[in-house]
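Q: This is the content of data_39.txt (compact mmCIF, C-alpha atoms):
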# COMPACT_ATOMS: atom_id res chain seq x y z
CA MET A 1300 0.00 0.00 0.00
CA THR A 1301 3.02 2.24 0.51
CA ASP A 1302 6.54 2.11 -0.82
CA VAL A 1303 7.94 1.81 2.67
CA GLY A 1304 6.89 -0.60 5.34
CA ALA A 1305 8.63 -2.67 7.91
CA ARG A 1306 6.91 -5.94 8.68
CA ALA A 1307 4.16 -4.87 11.02
CA GLN A 1308 2.07 -6.78 13.50
CA PRO A 1309 -1.32 -5.80 14.84
CA THR A 1310 -1.11 -4.23 18.25
CA PRO A 1311 -3.82 -3.38 20.76
CA THR A 1312 -2.98 0.28 20.20
CA ARG A 1313 -5.70 2.52 18.86
CA TRP A 1314 -4.67 5.02 16.25
CA GLN A 1315 -5.68 8.57 15.52
CA ALA A 1316 -4.70 10.84 12.65
CA ALA A 1317 -2.16 13.57 13.18
CA THR A 1318 -3.39 17.11 12.73
CA GLY A 1319 -2.09 19.87 10.49
CA LEU A 1320 -1.48 17.67 7.45
CA ALA A 1321 -2.17 18.84 3.92
CA TRP A 1322 -3.44 16.18 1.52
CA THR A 1323 -3.43 16.73 -2.23
CA GLN A 1324 -4.83 14.63 -5.04
CA TYR A 1325 -4.78 15.65 -8.70
CA GLN A 1326 -7.29 14.68 -11.34
CA ASP A 1327 -4.79 12.68 -13.38
CA GLY A 1328 -4.21 9.94 -10.82
CA ASP A 1329 -5.35 8.14 -7.69
CA ASN A 1330 -2.32 8.70 -5.49
CA TRP A 1331 -2.19 11.33 -2.79
CA VAL A 1332 0.58 13.61 -1.62
CA VAL A 1333 0.63 14.49 2.04
CA SER A 1334 2.67 17.29 3.51
CA ASN A 1335 3.57 17.15 7.18
CA PRO A 1336 4.71 20.60 8.28
CA ALA A 1337 5.75 19.24 11.66
CA SER A 1338 8.47 17.12 10.09
CA ALA A 1339 8.94 19.26 6.97
CA SER A 1340 8.39 16.17 4.85
CA ILE A 1341 6.07 15.07 2.09
CA HIS A 1342 5.06 11.57 1.08
CA LEU A 1343 3.37 9.86 -1.83
CA LEU A 1344 0.59 7.54 -0.68
CA THR A 1345 -1.97 5.33 -2.32
CA GLU A 1346 -5.69 5.94 -2.39
CA SER A 1347 -6.15 3.12 0.14
CA ALA A 1348 -3.64 4.65 2.53
CA HIS A 1349 -5.54 7.91 2.37
CA THR A 1350 -8.79 6.05 2.94
CA LEU A 1351 -7.34 4.45 6.06
CA TRP A 1352 -6.30 7.86 7.30
CA THR A 1353 -9.78 9.30 6.79
CA PHE A 1354 -11.26 6.61 9.07
CA ILE A 1355 -9.34 8.16 11.96
CA ALA A 1356 -9.19 11.75 10.74
CA PRO A 1357 -9.42 14.51 13.34
CA GLY A 1358 -12.87 14.39 14.91
CA SER A 1359 -13.21 10.63 14.43
CA GLU A 1360 -12.86 7.93 17.05
CA PRO A 1361 -9.45 6.23 17.35
CA LEU A 1362 -9.48 2.70 15.95
CA LEU A 1363 -7.60 -0.55 16.40
CA PRO A 1364 -5.61 -1.92 13.45
CA GLU A 1365 -8.10 -4.75 13.05
CA GLU A 1366 -10.94 -2.29 12.90
CA LEU A 1367 -9.10 -0.24 10.31
CA ALA A 1368 -8.46 -3.33 8.19
CA ALA A 1369 -12.12 -4.33 8.41
CA ARG A 1370 -13.32 -0.88 7.40
CA LEU A 1371 -10.89 -0.77 4.52
CA ALA A 1372 -12.07 -4.17 3.29
CA SER A 1373 -15.64 -2.94 3.44
CA SER A 1374 -14.84 0.24 1.55
CA LEU A 1375 -13.02 -1.73 -1.11
CA GLY A 1376 -15.85 -4.28 -1.33
CA ARG A 1377 -13.56 -7.22 -0.82
CA PRO A 1378 -13.19 -9.81 1.95
CA LEU A 1379 -10.74 -9.17 4.76
CA ASP A 1380 -7.89 -11.60 4.20
CA ASP A 1381 -4.32 -11.90 5.43
CA ASP A 1382 -2.91 -9.87 2.57
CA LEU A 1383 -5.16 -6.92 3.23
CA SER A 1384 -4.59 -7.12 6.99
CA THR A 1385 -0.83 -7.21 6.53
CA ALA A 1386 -0.94 -4.31 4.09
CA THR A 1387 -3.03 -2.34 6.54
CA TYR A 1388 -0.65 -2.94 9.44
CA GLU A 1389 2.34 -2.05 7.29
CA THR A 1390 0.66 1.13 6.17
CA ILE A 1391 -0.14 2.14 9.74
CA ALA A 1392 3.47 1.45 10.68
CA PHE A 1393 4.66 3.63 7.83
CA MET A 1394 2.24 6.42 8.65
CA ASP A 1395 3.37 6.22 12.28
CA GLN A 1396 7.00 6.62 11.24
CA ALA A 1397 6.04 9.54 9.00
CA GLY A 1398 4.08 11.25 11.74
CA LEU A 1399 0.77 10.95 9.91
CA VAL A 1400 -0.94 8.97 12.66
CA ARG A 1401 -0.32 8.68 16.36
CA PRO A 1402 -1.11 6.06 18.98
CA VAL A 1403 -3.72 6.92 21.54
CA LEU A 1404 -2.75 6.20 25.09
CA GLN A 1405 -5.37 4.09 26.86
CA MET B 922 28.81 45.94 -17.98
CA THR B 923 31.26 46.38 -20.81
CA THR B 924 34.80 45.11 -21.09
CA SER B 925 36.08 48.58 -20.30
CA ASP B 926 33.61 49.40 -17.55
CA PRO B 927 35.46 51.70 -15.13
CA LEU B 928 33.32 50.45 -12.27
CA LEU B 929 35.32 47.24 -12.33
CA GLY B 930 38.17 49.32 -10.95
CA ARG B 931 36.27 49.30 -7.67
CA LEU B 932 36.54 45.53 -7.36
CA ASP B 933 39.58 45.60 -5.11
CA GLY B 934 38.10 48.36 -2.96
CA ASP B 935 34.47 48.77 -1.97
CA GLY B 936 33.46 46.38 -4.70
CA VAL B 937 30.77 46.63 -7.35
CA GLN B 938 27.11 45.75 -7.31
CA VAL B 939 25.88 43.44 -10.03
CA THR B 940 22.17 43.00 -10.69
CA ILE B 941 21.64 39.30 -11.29
CA GLY B 942 17.98 38.54 -11.77
CA PRO B 943 16.13 39.57 -8.62
CA PHE B 944 19.34 39.87 -6.64
CA LEU B 945 21.73 42.72 -6.09
CA VAL B 946 25.12 41.16 -5.47
CA ARG B 947 28.11 43.01 -4.10
CA VAL B 948 31.31 41.53 -5.51
CA ARG B 949 34.78 42.29 -4.21
CA SER B 950 38.14 40.89 -5.20
CA GLU B 951 41.73 41.87 -5.57
CA LEU B 952 42.33 38.99 -7.98
CA ASP B 953 42.83 39.74 -11.66
CA GLY B 954 41.11 36.44 -12.45
CA VAL B 955 37.83 37.69 -11.03
CA ARG B 956 37.97 40.93 -12.97
CA THR B 957 38.78 39.07 -16.17
CA TYR B 958 36.00 36.60 -15.47
CA LEU B 959 33.44 39.37 -14.97
CA GLU B 960 34.55 41.17 -18.11
CA ARG B 961 34.28 38.00 -20.15
CA LEU B 962 31.13 36.36 -18.81
CA TYR B 963 29.08 39.15 -17.24
CA SER B 964 28.99 41.40 -20.27
CA GLY B 965 25.63 43.15 -20.35
CA PHE B 966 24.82 42.77 -16.67
CA PRO B 967 23.81 46.02 -14.91
CA LEU B 968 26.64 47.28 -12.75
CA HIS B 969 26.41 49.81 -9.95
CA ALA B 970 28.72 51.63 -7.59
CA GLY B 971 26.94 51.03 -4.27
CA ILE B 972 28.09 48.86 -1.40
CA ASP B 973 24.83 47.21 -0.34
CA GLY B 974 23.29 44.09 -1.75
CA HIS B 975 21.39 40.94 -0.96
CA PHE B 976 24.69 39.09 -0.93
CA ASP B 977 28.25 40.24 -0.31
CA ILE B 978 30.74 37.97 -2.06
CA ALA B 979 34.47 38.55 -1.78
CA VAL B 980 36.93 36.35 -3.63
CA VAL B 981 40.23 36.83 -1.84
CA GLY B 982 43.73 35.65 -2.58
CA GLY B 983 45.62 33.15 -0.50
CA ARG B 984 47.63 34.34 2.46
CA GLY B 985 51.20 33.62 3.42
CA LEU B 986 53.10 31.33 1.07
CA HIS B 987 49.97 30.78 -1.01
CA ARG B 988 50.37 34.29 -2.37
CA TRP B 989 53.32 33.02 -4.41
CA ILE B 990 53.43 29.25 -4.28
CA ARG B 991 50.40 27.50 -5.75
CA PRO B 992 48.31 30.67 -5.43
CA GLN B 993 44.93 30.13 -3.88
CA ALA B 994 41.60 31.88 -3.78
CA ALA B 995 38.91 31.74 -1.14
CA VAL B 996 35.39 33.04 -1.11
CA VAL B 997 34.00 35.07 1.79
CA ILE B 998 30.21 35.35 1.73
CA ASN B 999 28.49 37.80 4.04
CA GLY B 1000 31.53 37.37 6.28
CA ALA B 1001 31.49 33.56 6.29
CA THR B 1002 33.93 31.22 4.50
CA PRO B 1003 31.88 28.17 3.55
CA PHE B 1004 34.44 26.55 1.24
CA PHE B 1005 38.06 25.54 1.53
CA PRO B 1006 40.48 27.67 -0.52
CA LEU B 1007 40.97 26.50 -4.09
CA PRO B 1008 43.61 27.18 -6.74
CA ALA B 1009 43.45 30.81 -7.85
CA THR B 1010 42.71 29.67 -11.39
CA LEU B 1011 39.25 28.71 -10.11
CA ALA B 1012 38.48 32.22 -8.87
CA GLY B 1013 35.66 32.72 -11.39
CA GLY B 1014 34.14 29.38 -10.50
CA LEU B 1015 34.37 30.29 -6.82
CA LEU B 1016 32.31 33.38 -7.50
CA GLU B 1017 29.62 31.25 -9.13
CA TRP B 1018 29.66 28.59 -6.43
CA GLY B 1019 29.50 31.32 -3.82
CA LEU B 1020 26.43 32.79 -5.47
CA ASN B 1021 24.87 29.33 -5.67
CA TRP B 1022 25.48 28.97 -1.95
CA CYS B 1023 23.80 32.32 -1.30
CA VAL B 1024 20.71 31.60 -3.39
CA GLY B 1025 20.30 28.04 -2.13
CA ARG B 1026 20.58 29.02 1.52
CA ASN B 1027 19.28 32.54 1.84
CA ALA B 1028 16.70 33.42 -0.80
CA HIS B 1029 13.70 32.61 1.36
CA ARG B 1030 11.48 35.27 -0.14
CA TRP B 1031 11.11 32.81 -3.00
CA VAL B 1032 10.68 29.07 -3.27
CA VAL B 1033 13.98 27.90 -4.72
CA LEU B 1034 14.34 24.65 -6.64
CA HIS B 1035 17.39 22.89 -7.98
CA ALA B 1036 16.31 23.07 -11.60
CA ALA B 1037 17.19 24.56 -14.93
CA VAL B 1038 14.61 26.89 -16.43
CA VAL B 1039 14.13 28.22 -19.95
CA GLU B 1040 11.27 30.20 -21.45
CA ARG B 1041 9.48 30.51 -24.74
CA GLY B 1042 6.43 32.64 -25.48
CA GLY B 1043 6.12 33.74 -21.88
CA ARG B 1044 5.91 30.16 -20.61
CA ALA B 1045 8.56 28.55 -18.49
CA LEU B 1046 9.93 25.05 -18.88
CA ILE B 1047 11.25 23.83 -15.53
CA LEU B 1048 13.80 21.01 -15.59
CA PRO B 1049 14.30 19.72 -12.05
CA ALA B 1050 16.99 17.09 -11.73
CA PRO B 1051 19.88 16.02 -9.57
CA PRO B 1052 23.49 16.59 -10.71
CA GLY B 1053 24.63 14.30 -13.50
CA SER B 1054 21.26 14.09 -15.21
CA GLY B 1055 22.26 16.19 -18.22
CA LYS B 1056 20.17 19.11 -17.02
CA SER B 1057 22.74 21.83 -17.70
CA THR B 1058 23.64 20.41 -21.11
CA LEU B 1059 20.02 20.40 -22.14
CA CYS B 1060 19.51 23.85 -20.67
CA ALA B 1061 22.50 25.25 -22.58
CA ALA B 1062 21.39 23.62 -25.82
CA LEU B 1063 17.93 25.16 -25.41
CA ALA B 1064 19.26 28.56 -24.34
CA TYR B 1065 21.56 28.84 -27.37
CA SER B 1066 18.78 27.67 -29.68
CA GLY B 1067 16.09 30.27 -29.18
CA TRP B 1068 14.73 29.56 -25.73
CA ARG B 1069 15.34 32.29 -23.15
CA LEU B 1070 17.67 31.31 -20.36
CA PHE B 1071 16.27 31.71 -16.86
CA SER B 1072 18.86 29.61 -15.04
CA ASP B 1073 20.81 26.41 -15.38
CA GLU B 1074 20.79 25.95 -11.63
CA PHE B 1075 17.75 27.43 -9.90
CA ALA B 1076 14.04 27.83 -10.41
CA ILE B 1077 13.00 30.90 -8.43
CA LEU B 1078 9.26 30.79 -7.74
CA ASP B 1079 7.42 33.81 -6.43
CA PRO B 1080 4.84 32.47 -3.96
CA ALA B 1081 2.84 35.70 -4.23
CA THR B 1082 2.28 35.47 -7.98
CA GLY B 1083 3.12 31.89 -8.93
CA LEU B 1084 5.48 33.21 -11.58
CA VAL B 1085 9.05 32.09 -12.21
CA ARG B 1086 11.77 34.74 -11.89
CA ALA B 1087 14.72 34.75 -14.23
CA LEU B 1088 18.23 34.40 -12.89
CA PRO B 1089 20.37 34.30 -16.04
CA ARG B 1090 24.02 33.68 -15.23
CA PRO B 1091 26.95 31.90 -16.82
CA ILE B 1092 26.06 28.27 -17.51
CA SER B 1093 28.19 25.66 -15.77
CA LEU B 1094 29.22 22.86 -18.11
CA LYS B 1095 31.31 19.82 -17.36
CA GLU B 1096 33.35 17.24 -19.22
CA ARG B 1097 31.76 16.15 -22.50
CA SER B 1098 29.00 18.76 -22.24
CA LEU B 1099 31.66 21.42 -22.79
CA ASP B 1100 32.65 19.86 -26.08
CA VAL B 1101 29.06 19.30 -27.17
CA ILE B 1102 28.02 22.90 -26.63
CA ALA B 1103 31.27 24.36 -28.00
CA ALA B 1104 30.88 22.29 -31.18
CA ARG B 1105 27.23 23.20 -31.65
CA HIS B 1106 27.71 26.88 -30.86
CA PRO B 1107 31.24 28.01 -31.72
CA ASP B 1108 30.28 31.63 -31.03
CA VAL B 1109 29.59 30.98 -27.35
CA VAL B 1110 32.14 32.62 -25.07
CA PHE B 1111 33.58 30.41 -22.35
CA GLY B 1112 35.45 31.32 -19.19
CA PRO B 1113 38.69 29.64 -18.20
CA GLU B 1114 38.58 25.87 -18.14
CA GLY B 1115 39.52 24.22 -14.87
CA ARG B 1116 39.15 21.14 -12.77
CA ASP B 1117 37.10 21.24 -9.62
CA VAL B 1118 38.05 19.60 -6.33
CA GLU B 1119 36.80 16.25 -7.64
CA GLY B 1120 38.95 16.52 -10.77
CA VAL B 1121 36.00 17.19 -13.06
CA ARG B 1122 36.77 19.41 -16.05
CA PHE B 1123 34.47 22.42 -16.14
CA ALA B 1124 33.97 25.88 -17.57
CA HIS B 1125 31.26 28.50 -17.54
CA ALA B 1126 29.61 29.81 -20.70
CA ARG B 1127 28.42 33.38 -21.15
CA PRO B 1128 24.62 33.59 -21.05
CA PRO B 1129 22.83 34.82 -24.18
CA ALA B 1130 22.69 38.62 -24.28
CA ASP B 1131 18.92 38.69 -24.81
CA SER B 1132 18.38 36.58 -21.70
CA VAL B 1133 20.47 38.99 -19.64
CA ALA B 1134 18.67 42.04 -21.07
CA ARG B 1135 15.27 40.54 -20.22
CA ALA B 1136 16.22 39.27 -16.77
CA GLN B 1137 13.42 41.17 -15.05
CA GLU B 1138 10.68 39.53 -17.16
CA PRO B 1139 9.08 36.62 -15.27
CA ALA B 1140 7.21 33.77 -16.90
CA ILE B 1141 4.24 31.54 -16.25
CA PRO B 1142 5.20 27.96 -15.38
CA ALA B 1143 3.95 25.72 -18.18
CA TRP B 1144 5.94 22.48 -18.05
CA VAL B 1145 7.84 20.48 -15.45
CA ILE B 1146 10.06 17.95 -17.18
CA THR B 1147 12.50 15.73 -15.31
CA PRO B 1148 15.35 15.04 -17.74
CA ARG B 1149 17.78 12.15 -17.76
CA TYR B 1150 20.61 11.71 -20.20
CA VAL B 1151 20.78 8.03 -21.18
CA PRO B 1152 23.59 7.28 -23.65
CA GLY B 1153 22.22 5.80 -26.86
CA SER B 1154 18.59 6.26 -25.95
CA ARG B 1155 16.02 7.74 -28.26
CA THR B 1156 14.05 10.73 -27.03
CA VAL B 1157 11.22 9.54 -24.82
CA LEU B 1158 8.86 12.07 -23.28
CA THR B 1159 6.47 10.35 -20.89
CA PRO B 1160 3.62 12.02 -19.02
CA MET B 1161 4.28 11.99 -15.30
CA PRO B 1162 1.42 11.84 -12.79
CA LYS B 1163 1.17 15.17 -11.03
CA ALA B 1164 1.36 13.64 -7.55
CA GLU B 1165 4.73 12.11 -8.43
CA ALA B 1166 5.85 15.38 -9.96
CA LEU B 1167 4.99 17.27 -6.79
CA VAL B 1168 7.07 14.90 -4.67
CA SER B 1169 9.93 15.13 -7.16
CA LEU B 1170 9.76 18.92 -7.16
CA ALA B 1171 9.74 19.07 -3.37
CA ASP B 1172 12.78 16.79 -3.32
CA GLN B 1173 14.61 19.36 -5.44
CA SER B 1174 13.54 22.32 -3.33
CA PHE B 1175 16.01 24.03 -1.05
CA ASN B 1176 13.49 25.85 1.09
CA TYR B 1177 9.81 25.18 0.44
CA ASN B 1178 9.36 24.34 4.10
CA TYR B 1179 10.99 27.64 5.18
CA VAL B 1180 8.63 29.76 3.09
CA ALA B 1181 5.24 30.34 4.73
CA THR B 1182 3.30 29.33 1.62
CA GLY B 1183 6.04 27.26 0.04
CA TYR B 1184 4.18 23.98 -0.13
CA GLN B 1185 1.05 25.62 -1.49
CA CYS B 1186 3.21 27.32 -4.11
CA LEU B 1187 4.60 23.98 -5.31
CA ARG B 1188 1.18 22.32 -5.15
CA GLU B 1189 -0.48 25.00 -7.27
CA LEU B 1190 2.43 25.14 -9.69
CA ILE B 1191 2.00 21.44 -10.40
CA ARG B 1192 -1.73 21.90 -10.79
CA GLY B 1193 -1.16 24.37 -13.60
CA VAL B 1194 1.59 22.68 -15.60
CA ASP B 1195 2.05 19.60 -17.75
CA CYS B 1196 4.46 17.12 -16.20
CA TYR B 1197 6.76 14.70 -18.00
CA SER B 1198 9.84 12.59 -17.54
CA LEU B 1199 12.35 12.77 -20.36
CA GLU B 1200 15.06 10.43 -21.53
CA TYR B 1201 17.38 11.66 -24.23
CA SER B 1202 20.78 11.33 -25.81
CA ASP B 1203 20.45 13.12 -29.15
CA VAL B 1204 20.46 16.88 -28.61
CA ASP B 1205 18.95 17.74 -32.00
CA ASP B 1206 16.17 15.26 -31.44
CA VAL B 1207 15.31 16.48 -27.96
CA LEU B 1208 15.35 20.11 -29.08
CA ALA B 1209 12.91 19.28 -31.85
CA ARG B 1210 10.67 17.34 -29.47
CA LEU B 1211 10.56 20.15 -26.91
CA GLY B 1212 9.99 22.67 -29.69
CA GLN B 1213 6.95 20.67 -30.81
CA LEU B 1214 5.69 20.55 -27.25
CA ALA B 1215 5.92 24.32 -26.94
CA ALA B 1216 4.31 24.88 -30.32
CA HIS B 1217 1.27 22.76 -29.48
CA GLN B 1218 0.33 24.59 -26.30
Can you turn what I pasted into structure tokens?

A:
Amino acid sequence: MTDVGARAQPTPTRWQAATGLAWTQYQDGDNWVVSNPASASIHLLTESAHTLWTFIAPGSEPLLPEELAARLASSLGRPLDDDLSTATYETIAFMDQAGLVRPVLQ
Amino acid sequence: MTTSDPLLGRLDGDGVQVTIGPFLVRVRSELDGVRTYLERLYSGFPLHAGIDGHFDIAVVGGRGLHRWIRPQAAVVINGATPFFPLPATLAGGLLEWGLNWCVGRNAHRWVVLHAAVVERGGRALILPAPPGSGKSTLCAALAYSGWRLFSDEFAILDPATGLVRALPRPISLKERSLDVIAARHPDVVFGPEGRDVEGVRFAHARPPADSVARAQEPAIPAWVITPRYVPGSRTVLTPMPKAEALVSLADQSFNYNYVATGYQCLRELIRGVDCYSLEYSDVDDVLARLGQLAAHQ
């Protein structure tokens, strides 16, 4: 789902989107560019990665990785399988490293 | 500036101000090589007698034994010495590298990209690319073939207007590019040839007079094309998704994150231009292809 991603495992951590990000999508493609002013970095992400982020966007409830994977499967209209779960966890791990999401302390 | 401009006599004193695109640069030097370099490559640039400027660049001679044995030159920029001294024969190059250092680090009124820029019909072609991609060769070939030179090194974007500012200066060419451009354009005036600290043969070429005369005319960004010289390849111009182009442009920016609206400036620039990647090896072929592109807009 992203070009970077260490092997990730589901954790009991709930995730919430970081604030202050600027997302951009152009009409000629599906990918998104996100700018994170806090880290002065920008990243190229897939449509699915952006969709995951919107599930926990500011104002939404924090979600567990399993919940994110299930919602993504539903939005894509496909069954939740190991591949999609793994891709989801890897994407969350990447977005965590990039400062696009943050864990919510219980 | 003319070859006999008396203002150059101020170089070893208070210095001279040179208007280079949007910048007023104060240049000082006691070295004959700098004066000769300015006479040869900065012909036509506005010259003034003041002592202020956006940047203060002094190219000074070596001290101690280096006055006489293996003479050296060093560049002092706004009081700082960012580079090690180099052989005095590279004094002209030091001036250029010093100005590059200034623009790349200090021009935060604008969004500055590492890119060559040329213009035709009021529309700017931006060529962002890392060193070694053939960017300067392509830029020089375009600039000496009817396109207006904005810069072989920097795209200067005005975040207030979205326009590209021109910064025409001597074009830095290396190794085989020198021979290619000299063979294609025997009338082009070159500065002294030297070898940089990595042993790479280089020289600077005088910018076209029309580009210097029109340095205060900005242009509307029209194309972002990422070039890559691939020996033996045919010319391939491939549309690039805008999202990828934005990331590529940001990668080549010195300061978008220091400028309050820098990211928005890049984002909107990409929205308004056509984006391509380009592979080329044949200069005539790529010039024709880019000419067609400009003609069909």

Q: At a cut-off of 12 Å, using only C-alpha atoms, what residues contact stretch 1331-1334 of chain A? Leave out same-chain residues fewer than 6 positions from it and give the result as a PyMOL selection string.

A: (chain A and resi 1300-1301+1317-1325+1340-1350+1352+1394+1397-1399) or (chain B and resi 1162-1171+1177-1178+1183-1185+1187-1188+1191)

Q: Would you write out those residues with C-alpha atoms, as a PDB file, in the frame of the given file?

A:
ATOM      1  CA  MET A1300       0.000   0.000   0.000  1.00  0.00           C
ATOM      2  CA  THR A1301       3.020   2.240   0.510  1.00  0.00           C
ATOM      3  CA  ALA A1317      -2.160  13.570  13.180  1.00  0.00           C
ATOM      4  CA  THR A1318      -3.390  17.110  12.730  1.00  0.00           C
ATOM      5  CA  GLY A1319      -2.090  19.870  10.490  1.00  0.00           C
ATOM      6  CA  LEU A1320      -1.480  17.670   7.450  1.00  0.00           C
ATOM      7  CA  ALA A1321      -2.170  18.840   3.920  1.00  0.00           C
ATOM      8  CA  TRP A1322      -3.440  16.180   1.520  1.00  0.00           C
ATOM      9  CA  THR A1323      -3.430  16.730  -2.230  1.00  0.00           C
ATOM     10  CA  GLN A1324      -4.830  14.630  -5.040  1.00  0.00           C
ATOM     11  CA  TYR A1325      -4.780  15.650  -8.700  1.00  0.00           C
ATOM     12  CA  SER A1340       8.390  16.170   4.850  1.00  0.00           C
ATOM     13  CA  ILE A1341       6.070  15.070   2.090  1.00  0.00           C
ATOM     14  CA  HIS A1342       5.060  11.570   1.080  1.00  0.00           C
ATOM     15  CA  LEU A1343       3.370   9.860  -1.830  1.00  0.00           C
ATOM     16  CA  LEU A1344       0.590   7.540  -0.680  1.00  0.00           C
ATOM     17  CA  THR A1345      -1.970   5.330  -2.320  1.00  0.00           C
ATOM     18  CA  GLU A1346      -5.690   5.940  -2.390  1.00  0.00           C
ATOM     19  CA  SER A1347      -6.150   3.120   0.140  1.00  0.00           C
ATOM     20  CA  ALA A1348      -3.640   4.650   2.530  1.00  0.00           C
ATOM     21  CA  HIS A1349      -5.540   7.910   2.370  1.00  0.00           C
ATOM     22  CA  THR A1350      -8.790   6.050   2.940  1.00  0.00           C
ATOM     23  CA  TRP A1352      -6.300   7.860   7.300  1.00  0.00           C
ATOM     24  CA  MET A1394       2.240   6.420   8.650  1.00  0.00           C
ATOM     25  CA  ALA A1397       6.040   9.540   9.000  1.00  0.00           C
ATOM     26  CA  GLY A1398       4.080  11.250  11.740  1.00  0.00           C
ATOM     27  CA  LEU A1399       0.770  10.950   9.910  1.00  0.00           C
TER      28      LEU A1399
ATOM     29  CA  PRO B1162       1.420  11.840 -12.790  1.00  0.00           C
ATOM     30  CA  LYS B1163       1.170  15.170 -11.030  1.00  0.00           C
ATOM     31  CA  ALA B1164       1.360  13.640  -7.550  1.00  0.00           C
ATOM     32  CA  GLU B1165       4.730  12.110  -8.430  1.00  0.00           C
ATOM     33  CA  ALA B1166       5.850  15.380  -9.960  1.00  0.00           C
ATOM     34  CA  LEU B1167       4.990  17.270  -6.790  1.00  0.00           C
ATOM     35  CA  VAL B1168       7.070  14.900  -4.670  1.00  0.00           C
ATOM     36  CA  SER B1169       9.930  15.130  -7.160  1.00  0.00           C
ATOM     37  CA  LEU B1170       9.760  18.920  -7.160  1.00  0.00           C
ATOM     38  CA  ALA B1171       9.740  19.070  -3.370  1.00  0.00           C
ATOM     39  CA  TYR B1177       9.810  25.180   0.440  1.00  0.00           C
ATOM     40  CA  ASN B1178       9.360  24.340   4.100  1.00  0.00           C
ATOM     41  CA  GLY B1183       6.040  27.260   0.040  1.00  0.00           C
ATOM     42  CA  TYR B1184       4.180  23.980  -0.130  1.00  0.00           C
ATOM     43  CA  GLN B1185       1.050  25.620  -1.490  1.00  0.00           C
ATOM     44  CA  LEU B1187       4.600  23.980  -5.310  1.00  0.00           C
ATOM     45  CA  ARG B1188       1.180  22.320  -5.150  1.00  0.00           C
ATOM     46  CA  ILE B1191       2.000  21.440 -10.400  1.00  0.00           C
TER      47      ILE B1191
END

Q: Of the candidates B:His1125, B:Arg1192, B:Arg1086, B:Arg947, which one gets nearest to B:Val997 if we count all atoms listed in the file?

A: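 For B:Val997, the nearest of the given residues is B:Arg947.
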
Q: Given all atoms listed in the file as the basis, pick out the residue of B:Arg1127, B:His1029, B:His975, B:Arg931 nearest to B:Tyr958.

A: B:Arg1127

Q: Using all atoms listed in the file, which protein or nucleic acid residues come within 9 Å of stretch 1002-1004 of chain B? Drop anything in the same chain fewer than 3 positions from it, and give the result as a list in words.

A: Ala995, Val996, Val997, Ile998, Asn999, Leu1007, Leu1015, Gly1019 and Trp1022 of chain B

Q: How far is it from atom CA of B:Phe1071 to atom CA of B:Trp1031, in Å with one decimal?

A: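 We find that atom CA of B:Phe1071 and atom CA of B:Trp1031 lie 14.8 Å from each other.
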
Q: Just the residues within 8 Å of B:Leu1046, please, counting all atoms listed in the file, with nothing from its chain fewer than 2 positions along; format it as a ChimeraX atom specification.

A: /B:1038-1040,1044,1048,1142-1146

Q: Can you work out which one of A:Leu1404, A:Leu1363, A:Ala1368, A:Ala1339 has the shortest atom-to-atom distance to chain B, counting all atoms listed in the file?

A: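 Selected residue with least distance to chain B: A:Ala1339.
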
Q: Quick one: pull the distance between atom CA of B:Trp1018 and atom CA of B:Val939, Å, one decimal.

A: 15.7 Å

Q: Nearest to A:Ile1391: which of A:Leu1362, A:Asn1330, A:Arg1377, A:Asn1335 is it, counting only C-alpha atoms?

A: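 Closest to A:Ile1391, using only C-alpha atoms: A:Leu1362.
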
Q: In Å, with one decimal, what is the gap from atom CA of B:Ala1001 to atom CA of B:Gly971?

A: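 We find that atom CA of B:Ala1001 and atom CA of B:Gly971 lie 20.9 Å from each other.
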
Q: Can I get a file of stretch 1361-1368 of chain A from the given structure, N, CA and C atoms kept, as an mmCIF file, in the first residue's frame?

A:
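Output (part32.cif):
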data_model
loop_
_atom_site.group_PDB
_atom_site.id
_atom_site.type_symbol
_atom_site.label_atom_id
_atom_site.label_comp_id
_atom_site.auth_asym_id
_atom_site.auth_seq_id
_atom_site.Cartn_x
_atom_site.Cartn_y
_atom_site.Cartn_z
ATOM 1 N N PRO A 1361 -10.634 7.073 17.605
ATOM 2 C CA PRO A 1361 -9.452 6.232 17.347
ATOM 3 C C PRO A 1361 -9.880 4.787 17.117
ATOM 4 N N LEU A 1362 -9.131 4.080 16.281
ATOM 5 C CA LEU A 1362 -9.479 2.701 15.946
ATOM 6 C C LEU A 1362 -8.296 1.768 16.133
ATOM 7 N N LEU A 1363 -8.615 0.494 16.357
ATOM 8 C CA LEU A 1363 -7.600 -0.550 16.404
ATOM 9 C C LEU A 1363 -7.203 -0.930 14.971
ATOM 10 N N PRO A 1364 -6.017 -1.492 14.802
ATOM 11 C CA PRO A 1364 -5.612 -1.920 13.454
ATOM 12 C C PRO A 1364 -6.605 -2.886 12.810
ATOM 13 N N GLU A 1365 -7.143 -3.805 13.619
ATOM 14 C CA GLU A 1365 -8.096 -4.755 13.054
ATOM 15 C C GLU A 1365 -9.358 -4.045 12.564
ATOM 16 N N GLU A 1366 -9.747 -3.042 13.302
ATOM 17 C CA GLU A 1366 -10.938 -2.291 12.902
ATOM 18 C C GLU A 1366 -10.665 -1.511 11.611
ATOM 19 N N LEU A 1367 -9.461 -0.967 11.522
ATOM 20 C CA LEU A 1367 -9.096 -0.240 10.306
ATOM 21 C C LEU A 1367 -9.088 -1.175 9.102
ATOM 22 N N ALA A 1368 -8.515 -2.358 9.292
ATOM 23 C CA ALA A 1368 -8.456 -3.327 8.187
ATOM 24 C C ALA A 1368 -9.864 -3.723 7.754
#
